[in-house]
Every structure is written in structure tokens, then in C-alpha cells.
Amino acid sequence: ILSGFDLEALKTVLILNPRFTEQPMNAAEFANVERTAVWSGRTLAAMQVWDILRAVRWAMDEEKLPASSLSLYGKGEMGILALYAALFDQRVQQVILNDPPVSHWQRPALLNVLRVTDIPEAAAAFAPRRLVSLTKLPETFDFTLAVYQLQKASGQCLETGSLPEAVQVWK
């Protein structure tokens, strides 16, 4: 029995390892798996976005978790994949990035994305929902910040010092 806790304030955390993240791969193994994925017309990153979307759907529909506090977190390129998943599912209220790449020229590889956009523009499309970074955002995200200001949501795009602070554990 929990005493002294506001049970409404407790957070549910879903930890997901999208396919091909369960175990480390060296560069040759990763290249082989990536080439194999292309045979199906998709990249590994696209399949991982699909995995994230299915996990969100499961959590909301099957486990009946409240969408009002749904956040996705990812480190490095996984943060960007979480961002893309959130763009496809309006129930995601917050994306938490940790050391995001500055451009798709670095990673993650998504087919044809660079024809129309790059990471800062995709992050701007998330406005006015909450976008938090645990590290200093790269200068390329100045565009993202400008769009958040235009949406009158500049307080929704911010940097915090820790994951508990980002999910507002103590509020």
C-alpha cells in the first residue's frame, strides 16, 4: 500500500525496444540488416517508427492508459523516431529528446524525407504540443523554436535537466 502518494500523479512507463535494438550490432551486421530491410521497401528506422506506433496503440487501446499524459522519450536517433511516431498519433502529448541528431544527413535514415524536410522542420510540425530536450538543442533547431513562437507555444519547446523534470514527476 502506498501512503503519502497522490495515486493520480503516478506515472506509467512503457519501455520499448523497437526491432533491431535488442542487441548491439557491429557496422557490417547493421549494414546487412539494413540492406535486407530495403527489400521490403522500408528502412530500419521506418520499421522502428511502426513499432513505436503499435506500442502507443496497445497502451491506449488495450491497457487503457490515459492519453492525457502520454510522452515518448528517445536518445539520439530514437528520439527523432519517437517524434515521427508522435506526428502520426495525436494522442502523444510530449516528446522528450536526448542528444538529437541535427539532420537526417547524420541519421536516422528515412526514405525520401530529405526531399521535403529535415529534422528541425519535423520538430516544428509537432507544435504546439510539448517538445523537451534533455540536452542543448542544436542550432538547427532555431527554426523549430521560431515556429513554436509563431504558434504562441514557446513555453512548450524547452530544455530540462533531467527525465523526471521533463515528465513533471513532482508536479
# chains A, B, ... in the order shown; residues from 1 in each chain; ligands from 1
$ residues_around --residues "Arg57 in chain A" --least-positions-apart "6" --cutoff "10 Å" --atoms "only C-alpha atoms" --output "number ranges by chain"
A: 51, 63-65, 89, 91
$ select_by_dssp --residues "chain A" --states "alpha helix (DSSP H)" --output "ChimeraX atom specification"
/A:27-38,44-57,77-88,113-116,119-124,142-150,163-166
$ closest_residue --among "A:Trp39, A:Tyr84, A:Tyr148, A:Trp58" --to "Pro128 in chain A" --atoms "only C-alpha atoms"
A:Tyr148
$ residues_around --residues "Ala85 in chain A" --least-positions-apart "4" --cutoff "12 Å" --atoms "only C-alpha atoms" --output "PyMOL selection string"
chain A and resi 45-57+71-74+78-81+89-95+122-123+126
$ atom_distance --atom1 "CA of Asn17 in chain A" --atom2 "CA of Ala59 in chain A"
14.6 Å
$ residues_around --residues "Lys152 in chain A" --least-positions-apart "5" --cutoff "10 Å" --atoms "only C-alpha atoms" --output "list in words"
Ala127, Pro128, Ala146 and Val147 of chain A
$ write_last_selection --atoms "N, CA and C atoms" --output "PDB file, in the first residue's frame"
ATOM      1  N   ALA A 127       4.494  21.334 -33.072  1.00  0.00           N
ATOM      2  CA  ALA A 127       3.902  22.464 -32.330  1.00  0.00           C
ATOM      3  C   ALA A 127       2.382  22.430 -32.468  1.00  0.00           C
ATOM      4  N   PRO A 128       1.653  22.754 -31.440  1.00  0.00           N
ATOM      5  CA  PRO A 128       2.048  23.339 -30.168  1.00  0.00           C
ATOM      6  C   PRO A 128       2.235  22.321 -29.051  1.00  0.00           C
ATOM      7  N   ALA A 146      11.396  29.049 -33.597  1.00  0.00           N
ATOM      8  CA  ALA A 146      10.676  30.155 -34.233  1.00  0.00           C
ATOM      9  C   ALA A 146       9.235  29.757 -34.548  1.00  0.00           C
ATOM     10  N   VAL A 147       9.028  28.537 -35.003  1.00  0.00           N
ATOM     11  CA  VAL A 147       7.666  28.071 -35.295  1.00  0.00           C
ATOM     12  C   VAL A 147       6.857  27.954 -34.011  1.00  0.00           C
TER      13      VAL A 147
END
$ atom_distance --atom1 "CA of Leu87 in chain A" --atom2 "CA of Pro101 in chain A"
17.6 Å
$ atom_distance --atom1 "CA of Leu145 in chain A" --atom2 "CA of Ala124 in chain A"
7.4 Å
$ closest_residue --among "A:Val167, A:Ile96, A:Cys157, A:Ala67" --to "Phe143 in chain A" --atoms "only C-alpha atoms"
A:Cys157
